[in-house]
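Heads up, final14.cif below (mmCIF, C-alpha atoms):
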```cif
data_structure
loop_
_atom_site.label_atom_id
_atom_site.label_comp_id
_atom_site.auth_asym_id
_atom_site.auth_seq_id
_atom_site.Cartn_x
_atom_site.Cartn_y
_atom_site.Cartn_z
CA MET A 25 6.00 -33.76 -24.30
CA LYS A 26 3.19 -31.27 -24.45
CA ALA A 27 3.13 -30.98 -20.67
CA SER A 28 6.77 -29.96 -20.50
CA TYR A 29 6.16 -27.16 -23.00
CA LEU A 30 3.33 -25.99 -20.80
CA GLY A 31 5.84 -26.07 -17.97
CA ILE A 32 8.09 -23.72 -19.90
CA VAL A 33 5.23 -21.30 -20.48
CA LEU A 34 4.24 -21.45 -16.80
CA GLY A 35 7.89 -20.93 -15.94
CA ILE A 36 7.85 -17.68 -17.90
CA PHE A 37 4.79 -16.58 -15.94
CA THR A 38 6.57 -17.44 -12.69
CA VAL A 39 9.60 -15.36 -13.64
CA ALA A 40 7.26 -12.52 -14.59
CA ALA A 41 5.59 -12.85 -11.18
CA ILE A 42 8.88 -12.52 -9.32
CA ALA A 43 9.91 -9.57 -11.46
CA ALA A 44 6.52 -7.84 -11.14
CA PRO A 45 7.05 -4.34 -9.78
CA VAL A 46 5.33 -3.06 -6.68
CA GLY A 47 3.67 0.21 -7.57
CA ALA A 48 3.36 1.32 -3.97
CA HIS A 49 4.91 4.61 -2.89
CA HIS A 50 6.35 3.00 0.21
CA GLY A 51 7.97 -0.26 1.20
CA THR A 52 6.86 -2.94 3.62
CA ALA A 53 8.55 -1.77 6.84
CA SER A 54 5.24 -1.20 8.66
CA PHE A 55 3.75 -4.55 7.70
CA ASP A 56 4.18 -8.00 9.18
CA THR A 57 5.01 -9.79 5.96
CA SER A 58 5.04 -13.18 7.75
CA LYS A 59 1.34 -12.90 8.66
CA ASP A 60 -1.51 -14.06 6.47
CA LEU A 61 -4.97 -13.15 7.74
CA THR A 62 -8.30 -14.01 6.12
CA LEU A 63 -11.38 -12.18 7.38
CA LYS A 64 -15.04 -12.28 6.38
CA GLY A 65 -16.51 -8.84 6.55
CA THR A 66 -18.92 -6.19 5.33
CA VAL A 67 -17.71 -3.27 3.23
CA THR A 68 -18.13 0.15 4.90
CA ASP A 69 -16.19 2.25 2.35
CA TRP A 70 -14.09 1.94 -0.81
CA ILE A 71 -11.74 4.83 -1.53
CA TRP A 72 -10.53 5.02 -5.14
CA ALA A 73 -7.67 7.55 -4.80
CA ASN A 74 -3.96 8.29 -4.90
CA PRO A 75 -1.49 7.50 -3.51
CA HIS A 76 -3.32 4.29 -2.54
CA CYS A 77 -6.85 3.02 -2.82
CA PHE A 78 -8.15 1.45 0.37
CA LEU A 79 -11.03 -0.73 1.45
CA LYS A 80 -12.74 -0.36 4.81
CA PHE A 81 -14.80 -3.20 6.23
CA ASP A 82 -16.23 -4.47 9.51
CA ALA A 83 -15.06 -7.94 10.57
CA MET A 84 -15.30 -9.99 13.75
CA ASP A 85 -12.01 -11.17 15.26
CA GLU A 86 -11.39 -14.41 17.18
CA THR A 87 -12.59 -12.79 20.43
CA GLY A 88 -15.97 -11.92 18.93
CA THR A 89 -15.19 -8.21 18.67
CA VAL A 90 -16.15 -6.37 15.49
CA ARG A 91 -13.42 -4.04 14.29
CA ASN A 92 -13.37 -1.68 11.32
CA TRP A 93 -10.41 -2.56 9.10
CA ALA A 94 -8.72 -0.28 6.58
CA VAL A 95 -6.57 -2.13 4.07
CA GLU A 96 -4.61 -0.53 1.29
CA VAL A 97 -3.89 -1.60 -2.27
CA SER A 98 -1.95 0.26 -4.95
CA ASN A 99 -3.12 3.35 -6.85
CA PRO A 100 -6.10 3.51 -9.27
CA THR A 101 -3.77 3.18 -12.27
CA ASP A 102 -2.12 -0.02 -11.10
CA MET A 103 -5.42 -1.44 -9.87
CA THR A 104 -7.11 -0.67 -13.20
CA LYS A 105 -4.43 -2.80 -14.87
CA ARG A 106 -5.49 -5.61 -12.53
CA GLY A 107 -9.15 -5.31 -13.43
CA TRP A 108 -10.22 -3.32 -10.36
CA ALA A 109 -12.48 -0.28 -10.69
CA ARG A 110 -14.05 2.57 -8.77
CA SER A 111 -17.18 0.40 -8.86
CA SER A 112 -15.56 -2.81 -7.56
CA PHE A 113 -17.27 -2.51 -4.13
CA LYS A 114 -20.36 -0.96 -2.66
CA VAL A 115 -21.20 -0.37 0.98
CA GLY A 116 -22.76 -3.49 2.50
CA ASP A 117 -21.02 -5.99 0.20
CA ALA A 118 -20.11 -9.25 1.95
CA VAL A 119 -16.44 -9.88 1.20
CA THR A 120 -13.68 -12.26 2.24
CA VAL A 121 -10.40 -10.40 2.53
CA ASN A 122 -6.94 -11.93 2.63
CA LEU A 123 -4.46 -9.44 4.06
CA GLN A 124 -1.11 -8.72 5.64
CA PRO A 125 -1.62 -6.74 8.89
CA VAL A 126 0.62 -4.02 10.31
CA LYS A 127 3.02 -4.97 13.08
CA ASN A 128 1.41 -2.83 15.78
CA GLY A 129 -1.84 -4.80 16.01
CA ALA A 130 -4.12 -2.04 14.66
CA PRO A 131 -6.82 -3.16 12.18
CA ILE A 132 -4.73 -1.87 9.26
CA GLY A 133 -3.06 -3.84 6.52
CA ARG A 134 -2.22 -4.49 2.92
CA LEU A 135 -4.80 -6.41 0.95
CA ARG A 136 -3.59 -9.48 -0.89
CA SER A 137 -6.84 -10.67 -2.45
CA VAL A 138 -10.57 -10.27 -1.95
CA THR A 139 -13.51 -12.49 -2.82
CA LEU A 140 -16.58 -10.55 -3.93
CA PRO A 141 -20.25 -11.39 -3.25
CA ASP A 142 -20.51 -13.07 -6.68
CA GLY A 143 -17.65 -15.42 -5.79
CA SER A 144 -15.11 -13.80 -8.10
CA THR A 145 -11.70 -12.82 -6.76
CA LEU A 146 -9.61 -9.69 -7.24
CA THR A 147 -5.89 -9.84 -6.48
CA ALA A 148 -3.70 -6.94 -5.39
CA MET A 149 -0.24 -8.53 -5.26
CA GLY A 150 1.83 -10.77 -7.48
CA PRO A 151 1.46 -10.90 -11.25
CA ALA A 152 -1.40 -8.94 -12.79
CA PRO A 153 -4.02 -11.18 -14.37
CA ALA A 154 -3.36 -11.36 -18.14
CA ALA A 155 -6.91 -10.55 -19.22
CA ALA A 156 -7.62 -7.69 -16.82
CA ALA A 157 -10.05 -5.60 -18.82
CA PRO A 158 -10.84 -2.33 -17.07
CA ALA A 159 -14.46 -1.32 -16.79
CA PRO A 160 -15.51 1.62 -18.99
CA MET B 166 3.56 -27.20 -29.91
CA LYS B 167 7.15 -26.01 -29.85
CA PRO B 168 8.11 -23.66 -27.02
CA ILE B 169 8.81 -20.78 -29.36
CA LEU B 170 5.33 -21.16 -30.84
CA ALA B 171 3.77 -21.24 -27.39
CA VAL B 172 5.53 -18.01 -26.48
CA ALA B 173 4.58 -16.42 -29.81
CA LEU B 174 0.96 -17.42 -29.22
CA LEU B 175 1.08 -15.94 -25.74
CA VAL B 176 2.42 -12.66 -27.13
CA ALA B 177 -0.18 -12.62 -29.90
CA VAL B 178 -3.01 -13.20 -27.41
CA SER B 179 -1.73 -10.41 -25.14
CA ALA B 180 -1.31 -8.04 -28.08
CA SER B 181 -4.81 -8.69 -29.38
CA ALA B 182 -6.20 -8.12 -25.87
CA VAL B 183 -4.55 -4.69 -25.97
CA ALA B 184 -6.03 -4.00 -29.40
CA ARG B 185 -9.51 -4.83 -28.11
CA ALA B 186 -9.17 -2.79 -24.94
CA GLN B 187 -11.42 0.18 -24.31
CA GLU B 188 -10.64 3.59 -25.75
CA TRP B 189 -11.19 5.56 -22.51
CA ASN B 190 -9.13 5.89 -19.37
CA ARG B 191 -6.26 3.56 -20.18
CA ALA B 192 -3.82 2.82 -17.36
CA GLY B 193 -0.97 1.66 -19.58
CA LEU B 194 0.18 -1.07 -21.90
CA SER B 195 0.63 -4.70 -20.93
CA ASP B 196 4.06 -6.27 -20.88
CA GLY B 197 2.79 -8.31 -23.86
CA ALA B 198 2.61 -5.11 -25.90
CA LEU B 199 6.21 -4.39 -24.98
CA THR B 200 7.28 -7.84 -26.14
CA ALA B 201 5.34 -7.43 -29.38
CA SER B 202 6.98 -4.04 -30.03
CA LYS B 203 10.43 -5.64 -29.85
CA ALA B 204 9.42 -8.04 -32.61
CA SER B 205 7.98 -5.31 -34.84
CA ALA B 206 9.36 -5.34 -38.39
CA ALA B 207 8.03 -1.90 -39.31
CA PRO B 208 10.86 0.63 -39.69
CA ALA B 209 11.04 3.77 -37.55
CA PRO B 210 10.00 7.03 -39.21
CA LYS B 211 12.93 9.47 -39.39
CA ARG B 212 13.33 12.14 -36.70
CA ASP B 213 9.88 11.45 -35.34
CA LEU B 214 8.94 10.33 -31.81
CA THR B 215 5.33 11.44 -32.05
CA GLY B 216 2.90 9.25 -30.13
CA ILE B 217 2.14 7.80 -26.72
CA TRP B 218 4.84 5.60 -25.20
CA ASP B 219 4.78 3.27 -22.22
CA ALA B 220 7.38 1.13 -20.50
CA GLY B 221 4.76 -1.15 -18.92
CA GLY B 222 5.76 -2.15 -15.40
CA GLN B 223 9.43 -1.35 -16.03
CA GLY B 224 8.87 2.40 -15.81
CA ILE B 225 7.73 2.36 -12.18
CA ALA B 226 11.03 1.73 -10.33
CA GLY B 227 9.22 1.77 -6.97
CA PRO B 228 12.18 0.60 -4.87
CA GLY B 229 14.42 3.38 -6.19
CA HIS B 230 17.77 3.18 -7.94
CA GLU B 231 21.13 1.92 -6.84
CA SER B 232 23.16 5.08 -7.26
CA ALA B 233 26.82 5.94 -7.70
CA PRO B 234 28.53 6.66 -4.34
CA TRP B 235 27.36 9.80 -2.54
CA THR B 236 29.70 12.69 -1.79
CA ASP B 237 29.80 14.22 1.69
CA TRP B 238 27.54 16.97 0.36
CA ALA B 239 24.96 14.35 -0.68
CA LYS B 240 25.15 12.65 2.72
CA GLN B 241 24.46 15.95 4.42
CA LYS B 242 21.73 16.87 1.94
CA ALA B 243 19.90 13.55 2.36
CA ALA B 244 20.33 13.30 6.12
CA SER B 245 16.82 14.68 6.61
CA PHE B 246 15.25 12.53 3.84
CA ARG B 247 13.10 9.72 5.26
CA PRO B 248 12.25 7.53 2.25
CA GLY B 249 9.64 4.79 2.00
CA ASN B 250 11.85 2.47 -0.02
CA GLY B 251 15.45 1.37 -0.38
CA PRO B 252 18.08 0.70 2.26
CA ARG B 253 17.03 3.70 4.38
CA ALA B 254 13.27 2.95 4.30
CA VAL B 255 11.30 4.05 7.37
CA TYR B 256 7.85 3.15 8.67
CA GLU B 257 4.99 4.46 6.60
CA ASN B 258 4.01 7.25 8.98
CA ASP B 259 7.60 8.50 9.20
CA ILE B 260 8.08 8.96 5.44
CA ASN B 261 8.71 12.59 4.43
CA ASP B 262 9.00 12.12 0.66
CA PRO B 263 7.81 15.52 -0.60
CA LEU B 264 6.02 13.91 -3.53
CA SER B 265 3.93 11.28 -1.78
CA THR B 266 3.30 13.08 1.53
CA VAL B 267 2.51 16.66 0.47
CA CYS B 268 2.19 16.37 -3.33
CA ASP B 269 5.19 18.54 -4.21
CA PRO B 270 5.90 18.20 -7.92
CA THR B 271 7.70 15.02 -8.95
CA GLY B 272 10.15 17.31 -10.74
CA PHE B 273 12.86 16.36 -13.14
CA PRO B 274 14.63 13.97 -13.49
CA ARG B 275 12.47 12.02 -11.02
CA GLN B 276 9.70 12.17 -13.62
CA VAL B 277 11.72 9.86 -15.89
CA LEU B 278 13.31 7.82 -13.10
CA TYR B 279 10.35 6.86 -10.96
CA GLU B 280 6.76 6.69 -12.15
CA THR B 281 7.49 6.63 -15.87
CA ARG B 282 3.90 5.91 -16.80
CA PRO B 283 2.56 6.50 -20.33
CA PHE B 284 3.63 9.82 -21.85
CA GLN B 285 2.88 11.56 -25.12
CA ILE B 286 5.45 13.21 -27.36
CA VAL B 287 4.32 16.09 -29.55
CA GLN B 288 6.75 17.71 -32.01
CA THR B 289 6.47 21.27 -33.28
CA PRO B 290 9.01 23.03 -35.54
CA THR B 291 10.80 24.50 -32.50
CA GLN B 292 9.92 22.24 -29.54
CA VAL B 293 9.44 18.67 -28.48
CA LEU B 294 6.69 18.55 -25.85
CA ILE B 295 6.52 15.63 -23.44
CA LEU B 296 3.13 15.21 -21.76
CA TYR B 297 3.21 12.89 -18.77
CA MET B 298 0.27 10.89 -17.47
CA PHE B 299 1.86 10.83 -14.01
CA GLU B 300 0.79 14.11 -12.36
CA LYS B 301 -0.55 15.32 -15.72
CA ARG B 302 2.47 17.58 -16.25
CA TRP B 303 4.51 18.48 -19.31
CA ARG B 304 8.04 19.46 -20.31
CA VAL B 305 9.24 21.67 -23.12
CA VAL B 306 12.40 20.57 -24.92
CA TRP B 307 13.65 23.39 -27.17
CA THR B 308 14.88 22.29 -30.59
CA ASP B 309 15.33 25.76 -32.13
CA GLY B 310 19.08 25.63 -31.69
CA ARG B 311 19.27 27.74 -28.54
CA ALA B 312 21.93 27.02 -25.94
CA LEU B 313 21.14 26.09 -22.35
CA PRO B 314 20.82 29.20 -20.15
CA LYS B 315 23.79 30.42 -18.11
CA ASP B 316 23.29 30.14 -14.36
CA PRO B 317 19.50 29.74 -14.51
CA ASP B 318 17.09 30.02 -11.62
CA PRO B 319 16.12 26.53 -10.50
CA ARG B 320 12.87 25.07 -11.81
CA TRP B 321 11.04 21.92 -10.73
CA TYR B 322 11.41 20.60 -14.29
CA GLY B 323 14.64 22.37 -15.28
CA TYR B 324 15.53 23.79 -18.70
CA SER B 325 15.91 21.41 -21.63
CA VAL B 326 17.29 21.58 -25.14
CA GLY B 327 17.31 18.71 -27.62
CA HIS B 328 18.89 17.71 -30.89
CA TRP B 329 18.83 14.78 -33.28
CA GLU B 330 22.08 12.87 -33.10
CA ASP B 331 20.96 10.79 -36.08
CA ASP B 332 17.61 9.97 -37.71
CA ASP B 333 16.63 7.63 -34.86
CA THR B 334 18.22 9.22 -31.77
CA PHE B 335 16.98 12.33 -30.00
CA VAL B 336 19.23 13.64 -27.23
CA VAL B 337 17.95 15.97 -24.50
CA ASN B 338 20.22 17.93 -22.17
CA THR B 339 18.78 19.47 -19.02
CA ILE B 340 20.15 21.76 -16.30
CA GLY B 341 18.64 24.16 -13.79
CA THR B 342 16.77 21.59 -11.71
CA ASP B 343 15.47 22.22 -8.21
CA GLU B 344 17.38 20.39 -5.50
CA ARG B 345 14.32 20.09 -3.30
CA THR B 346 13.25 17.14 -5.46
CA TRP B 347 14.45 13.62 -4.78
CA LEU B 348 15.65 11.42 -7.60
CA ASP B 349 13.58 8.44 -6.52
CA ASN B 350 11.69 6.63 -3.76
CA SER B 351 14.85 5.64 -1.95
CA GLY B 352 15.75 9.28 -1.27
CA ASN B 353 18.72 9.73 -3.58
CA PRO B 354 19.45 13.48 -3.56
CA HIS B 355 20.76 15.74 -6.31
CA SER B 356 22.22 19.23 -6.45
CA ALA B 357 21.17 22.21 -8.56
CA ASP B 358 24.36 21.61 -10.57
CA LEU B 359 22.95 18.34 -11.91
CA LYS B 360 23.28 17.78 -15.66
CA VAL B 361 20.97 15.22 -17.20
CA GLU B 362 21.24 13.58 -20.59
CA GLU B 363 18.28 11.63 -21.97
CA ARG B 364 18.70 9.57 -25.11
CA TYR B 365 15.53 8.51 -26.89
CA HIS B 366 16.53 5.91 -29.46
CA ARG B 367 13.80 4.71 -31.76
CA VAL B 368 14.59 1.09 -32.58
CA ASN B 369 11.65 0.46 -34.91
CA HIS B 370 8.15 1.83 -35.48
CA ASP B 371 6.79 0.34 -32.26
CA LEU B 372 9.80 0.42 -29.93
CA MET B 373 11.92 3.16 -28.39
CA GLU B 374 14.67 2.93 -25.76
CA LEU B 375 15.42 5.54 -23.09
CA THR B 376 18.81 5.97 -21.49
CA VAL B 377 19.30 8.56 -18.73
CA THR B 378 22.73 9.65 -17.51
CA LEU B 379 23.20 11.88 -14.46
CA ASP B 380 26.31 13.98 -13.98
CA ASP B 381 26.31 15.70 -10.60
CA PRO B 382 29.84 15.89 -9.14
CA LYS B 383 28.57 17.83 -6.14
CA ALA B 384 26.39 14.87 -5.08
CA TYR B 385 27.92 11.76 -6.72
CA THR B 386 31.51 10.68 -7.09
CA ARG B 387 30.95 9.75 -10.75
CA PRO B 388 28.25 10.00 -13.44
CA TRP B 389 25.73 7.17 -13.35
CA MET B 390 22.97 5.75 -15.49
CA PRO B 391 19.70 4.98 -13.68
CA ARG B 392 17.98 4.12 -16.98
CA ASN B 393 19.90 2.05 -19.47
CA ARG B 394 18.00 1.39 -22.72
CA MET B 395 14.63 1.10 -20.97
CA PRO B 396 12.21 -0.15 -23.65
CA LEU B 397 9.04 1.82 -24.39
CA ALA B 398 6.26 0.57 -26.64
CA LEU B 399 4.15 2.78 -28.89
CA ALA B 400 0.51 2.80 -27.76
CA PRO B 401 -2.41 2.62 -30.21
CA ALA B 402 -3.49 5.99 -31.60
CA ASN B 403 -6.81 5.83 -29.72
CA PHE B 404 -5.12 5.39 -26.31
CA ASP B 405 -6.76 7.75 -23.76
CA MET B 406 -4.56 8.23 -20.70
CA MET B 407 -5.98 8.02 -17.21
CA GLU B 408 -5.43 10.88 -14.80
CA MET B 409 -2.89 10.14 -12.10
CA ILE B 410 -2.64 13.14 -9.84
CA CYS B 411 -1.44 13.64 -6.29
CA SER B 412 -4.28 15.46 -4.54
CA PRO B 413 -3.48 16.84 -1.06
CA THR B 414 -7.08 16.12 -0.05
CA GLU B 415 -6.71 12.47 -0.99
CA VAL B 416 -3.29 12.21 0.65
CA MET B 417 -4.63 13.64 3.92
CA ASP B 418 -7.49 11.13 3.83
CA PHE B 419 -5.04 8.28 3.25
CA ARG B 420 -2.79 9.46 6.06
CA LYS B 421 -5.70 9.68 8.50
CA ASN B 422 -7.08 6.26 7.61
CA ILE B 423 -3.87 4.29 7.08
CA SER B 424 -0.43 5.92 7.52
CA GLU B 425 -0.99 7.52 10.92
CA ARG B 426 -2.28 4.21 12.28
CA THR B 427 0.74 2.15 11.20
CA ASN B 428 3.11 3.52 13.83
CA ASN B 429 5.10 1.05 15.83
CA LYS B 430 5.89 3.58 18.52
#
```

Written form, structure tokens:
Amino acid sequence: MKASYLGIVLGIFTVAAIAAPVGAHHGTASFDTSKDLTLKGTVTDWIWANPHCFLKFDAMDETGTVRNWAVEVSNPTDMTKRGWARSSFKVGDAVTVNLQPVKNGAPIGRLRSVTLPDGSTLTAMGPAPAAAAPAP
Amino acid sequence: MKPILAVALLVAVSASAVARAQEWNRAGLSDGALTASKASAAPAPKRDLTGIWDAGGQGIAGPGHESAPWTDWAKQKAASFRPGNGPRAVYENDINDPLSTVCDPTGFPRQVLYETRPFQIVQTPTQVLILYMFEKRWRVVWTDGRALPKDPDPRWYGYSVGHWEDDDTFVVNTIGTDERTWLDNSGNPHSADLKVEERYHRVNHDLMELTVTLDDPKAYTRPWMPRNRMPLALAPANFDMMEMICSPTEVMDFRKNISERTNNK
């Protein structure tokens, strides 16, 4: 029976995930929400600012061309709640970025999640991790 | 473990995580703190809203509100509004929301309808001051018995007077708002004739509910209530709010790097 109780608790989390607000100042009209792109790249800049933080990184596409991507997340307040910080990235970091690109084919998008050099992952969409403790 | 115990444990773990959290630069309370506040047994102090309050994620209302029907005046007024959310949302580079694109003041009542992040209430003998984390702005609510001004000049944050309806309910009435401000992210307009009523009802020591009613016959065919008993939890006394400010420099940087490159034209 224990497992079913766990199911109830997970169910609550799932409901919370669906109900989780999007803190963004704009909707998704520009983005191709059906696309799911994962790129390995090198961080060139990390902007911790309103209205949206964004990460810039160089990544090679399927044709062997390196492009500089700029992918947005929410604002510093919302990202702090998720455990992100001004110090989350430094230039030169090797990262794996999962993103939703814009419809027009430019190297722009919304970041879903990113794996850091130490193997840990930060998420930018869906439910905020429960134990997100912001860095001092 | 019974389900109710599992949920209680979950709440307790979330609440203790809040209690352990750092004292500097807090972004807001977790939804666990909100749940815990609803279960608080401590009674509310009388005629006292002092403290920092947060609605957790519920205060954000990013997609905007479903409003009462617009009048023809409202349709004309909002014809030039190009919002980033709601049924009339446009591509990112086409948005002309005066708040997010040029950092005009959020204004009132958008301040309590959109990014209702943590805010602090300070009470003096003649005023209730509301200090907002979002944009780091404040409002003065006069409680010295004065009436609202007659035919006031518009202000971004209007003119507000407040009174205690009972020991637990503080009612604020506001007029004189500036019709350049939108009500929300979906580009709902308002006129300078707008009358706003905010009801802050303290349920217990740790929980307060906010109800906002808008009466603007020039723009809407009937009064409507974008906030209906929105719960707000009391933050710990050592809670240090983050800054959350719209900087034109930062917005221009964001537009250059992201918005202007999202065009589908």

Determine the residue set returned by the PyMOL selection byres ((chain B and resi 354-369) around 7) for the present structure, and present it as a PDB file with C-alpha atoms, in the frame of the given file.
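Dumped everything to expr-v3.pdb:
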```
ATOM      1  CA  SER B 205       7.980  -5.310 -34.840  1.00  0.00           C
ATOM      2  CA  ALA B 207       8.030  -1.900 -39.310  1.00  0.00           C
ATOM      3  CA  PRO B 208      10.860   0.630 -39.690  1.00  0.00           C
ATOM      4  CA  ALA B 209      11.040   3.770 -37.550  1.00  0.00           C
ATOM      5  CA  ALA B 239      24.960  14.350  -0.680  1.00  0.00           C
ATOM      6  CA  LYS B 242      21.730  16.870   1.940  1.00  0.00           C
ATOM      7  CA  ALA B 243      19.900  13.550   2.360  1.00  0.00           C
ATOM      8  CA  PRO B 319      16.120  26.530 -10.500  1.00  0.00           C
ATOM      9  CA  ASP B 333      16.630   7.630 -34.860  1.00  0.00           C
ATOM     10  CA  THR B 334      18.220   9.220 -31.770  1.00  0.00           C
ATOM     11  CA  PHE B 335      16.980  12.330 -30.000  1.00  0.00           C
ATOM     12  CA  VAL B 336      19.230  13.640 -27.230  1.00  0.00           C
ATOM     13  CA  VAL B 337      17.950  15.970 -24.500  1.00  0.00           C
ATOM     14  CA  ASN B 338      20.220  17.930 -22.170  1.00  0.00           C
ATOM     15  CA  THR B 339      18.780  19.470 -19.020  1.00  0.00           C
ATOM     16  CA  ILE B 340      20.150  21.760 -16.300  1.00  0.00           C
ATOM     17  CA  GLY B 341      18.640  24.160 -13.790  1.00  0.00           C
ATOM     18  CA  THR B 342      16.770  21.590 -11.710  1.00  0.00           C
ATOM     19  CA  ASP B 343      15.470  22.220  -8.210  1.00  0.00           C
ATOM     20  CA  GLU B 344      17.380  20.390  -5.500  1.00  0.00           C
ATOM     21  CA  TRP B 347      14.450  13.620  -4.780  1.00  0.00           C
ATOM     22  CA  LEU B 348      15.650  11.420  -7.600  1.00  0.00           C
ATOM     23  CA  GLY B 352      15.750   9.280  -1.270  1.00  0.00           C
ATOM     24  CA  ASN B 353      18.720   9.730  -3.580  1.00  0.00           C
ATOM     25  CA  HIS B 370       8.150   1.830 -35.480  1.00  0.00           C
ATOM     26  CA  ASP B 371       6.790   0.340 -32.260  1.00  0.00           C
ATOM     27  CA  LEU B 372       9.800   0.420 -29.930  1.00  0.00           C
ATOM     28  CA  MET B 373      11.920   3.160 -28.390  1.00  0.00           C
ATOM     29  CA  GLU B 374      14.670   2.930 -25.760  1.00  0.00           C
ATOM     30  CA  LEU B 375      15.420   5.540 -23.090  1.00  0.00           C
ATOM     31  CA  THR B 376      18.810   5.970 -21.490  1.00  0.00           C
ATOM     32  CA  VAL B 377      19.300   8.560 -18.730  1.00  0.00           C
ATOM     33  CA  THR B 378      22.730   9.650 -17.510  1.00  0.00           C
ATOM     34  CA  LEU B 379      23.200  11.880 -14.460  1.00  0.00           C
ATOM     35  CA  ASP B 380      26.310  13.980 -13.980  1.00  0.00           C
ATOM     36  CA  ASP B 381      26.310  15.700 -10.600  1.00  0.00           C
ATOM     37  CA  LYS B 383      28.570  17.830  -6.140  1.00  0.00           C
ATOM     38  CA  ALA B 384      26.390  14.870  -5.080  1.00  0.00           C
TER      39      ALA B 384
END
```

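Here the question is which of A:Ala83, A:Val95, A:Val138, A:Leu61 gets nearest to chain B using all atoms listed in the file, and that residue is A:Val95.
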
> What is the distance between CA of Ile295 in chain B and CA of Pro75 in chain A, in Å to one decimal?
Replying inline: 23.0 Å

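The residues caught by the PyMOL selection byres ((chain A and resi 59) around 12) in this file are A:Phe55, A:Asp56, A:Thr57, A:Ser58, A:Asp60, A:Leu61, A:Thr62, A:Asn122, A:Leu123, A:Gln124, A:Pro125, A:Val126, A:Lys127, A:Gly129, A:Gly133, A:Arg134, A:Leu135, A:Arg136.
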
> Between CA of Pro100 in chain A and CA of Phe78 in chain A, what is the spacing in Å?
Replying inline: 10.1 Å

>> Using all atoms listed in the file, can you tell me which of B:Gly221, B:Gly229, B:Val277, B:Val416 comes closest to Ala152 in chain A?
In response: B:Gly221

Could you expand the PyMOL selection byres ((chain A and resi 53) around 7) into the explicit residues it covers here, written as an mmCIF file with C-alpha atoms, in the frame of the given file?
```cif
data_model
loop_
_atom_site.group_PDB
_atom_site.id
_atom_site.type_symbol
_atom_site.label_atom_id
_atom_site.label_comp_id
_atom_site.auth_asym_id
_atom_site.auth_seq_id
_atom_site.Cartn_x
_atom_site.Cartn_y
_atom_site.Cartn_z
ATOM 1 C CA GLY A 51 7.970 -0.260 1.200
ATOM 2 C CA THR A 52 6.860 -2.940 3.620
ATOM 3 C CA SER A 54 5.240 -1.200 8.660
ATOM 4 C CA PHE A 55 3.750 -4.550 7.700
ATOM 5 C CA VAL B 255 11.300 4.050 7.370
ATOM 6 C CA TYR B 256 7.850 3.150 8.670
#
```

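In terms of minimum interatomic distance to chain A, B:Tyr279 ranks closest within B:Tyr279, B:Tyr322, B:Trp235, B:Trp389, counting only C-alpha atoms.
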
>> Between CA of Trp303 in chain B and CA of Thr291 in chain B, what is the distance in Å, rounded to a tenth?
In response: 15.8 Å

> Looking at B:Trp307, B:Phe273, B:Phe419, B:Tyr297, which one is nearest to chain A, with distances taken over only C-alpha atoms?
Replying inline: B:Phe419

Set the distance at 6 Å and use all atoms listed in the file: which residues neighbour Val306 in chain B once local chain neighbours fewer than 4 positions away are removed? I'd like the list as an mmCIF file with C-alpha atoms, keeping the file's coordinate frame.
```cif
data_model
loop_
_atom_site.group_PDB
_atom_site.id
_atom_site.type_symbol
_atom_site.label_atom_id
_atom_site.label_comp_id
_atom_site.auth_asym_id
_atom_site.auth_seq_id
_atom_site.Cartn_x
_atom_site.Cartn_y
_atom_site.Cartn_z
ATOM 1 C CA GLN B 292 9.920 22.240 -29.540
ATOM 2 C CA VAL B 293 9.440 18.670 -28.480
ATOM 3 C CA SER B 325 15.910 21.410 -21.630
ATOM 4 C CA VAL B 326 17.290 21.580 -25.140
ATOM 5 C CA GLY B 327 17.310 18.710 -27.620
#
```

> For chain B, which residue among A:Cys77, A:Leu146, A:Val121, A:Val115 is the nearest when counting only C-alpha atoms?
Replying inline: A:Cys77

Taking all listed atoms of range 356-364 of chain B, build the axis-aligned box, pad each of the six sides by 6 Å, then write its centre and edge lengths in Å to one decimal as lines of an AutoDock Vina configuration file.
```
center_x = 21.3
center_y = 15.9
center_z = -15.8
size_x = 18.1
size_y = 24.6
size_z = 30.7
```

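Distance check against Ala198 in chain B using only C-alpha atoms: of B:Met298, B:Ala402, B:Ala220, B:Leu313, the minimum falls on B:Ala220.
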
Model the absent atoms of range 391-396 of chain B so that N, CA and C atoms are present, and write the result as a CSV table (one decimal), in the coordinates of the input.
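Contents of result_14.csv, freshly written:
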```csv
chain,number,residue,atom,x,y,z
B,391,PRO,N,20.8,5.7,-14.3
B,391,PRO,CA,19.7,5.0,-13.7
B,391,PRO,C,18.8,4.3,-14.7
B,392,ARG,N,18.7,4.8,-15.9
B,392,ARG,CA,18.0,4.1,-17.0
B,392,ARG,C,18.9,3.8,-18.1
B,393,ASN,N,19.0,2.5,-18.4
B,393,ASN,CA,19.9,2.0,-19.5
B,393,ASN,C,19.1,1.3,-20.5
B,394,ARG,N,18.8,2.0,-21.6
B,394,ARG,CA,18.0,1.4,-22.7
B,394,ARG,C,16.7,0.8,-22.2
B,395,MET,N,16.0,1.6,-21.4
B,395,MET,CA,14.6,1.1,-21.0
B,395,MET,C,13.7,1.1,-22.2
B,396,PRO,N,13.1,-0.1,-22.5
B,396,PRO,CA,12.2,-0.2,-23.6
B,396,PRO,C,10.8,0.5,-23.4
```
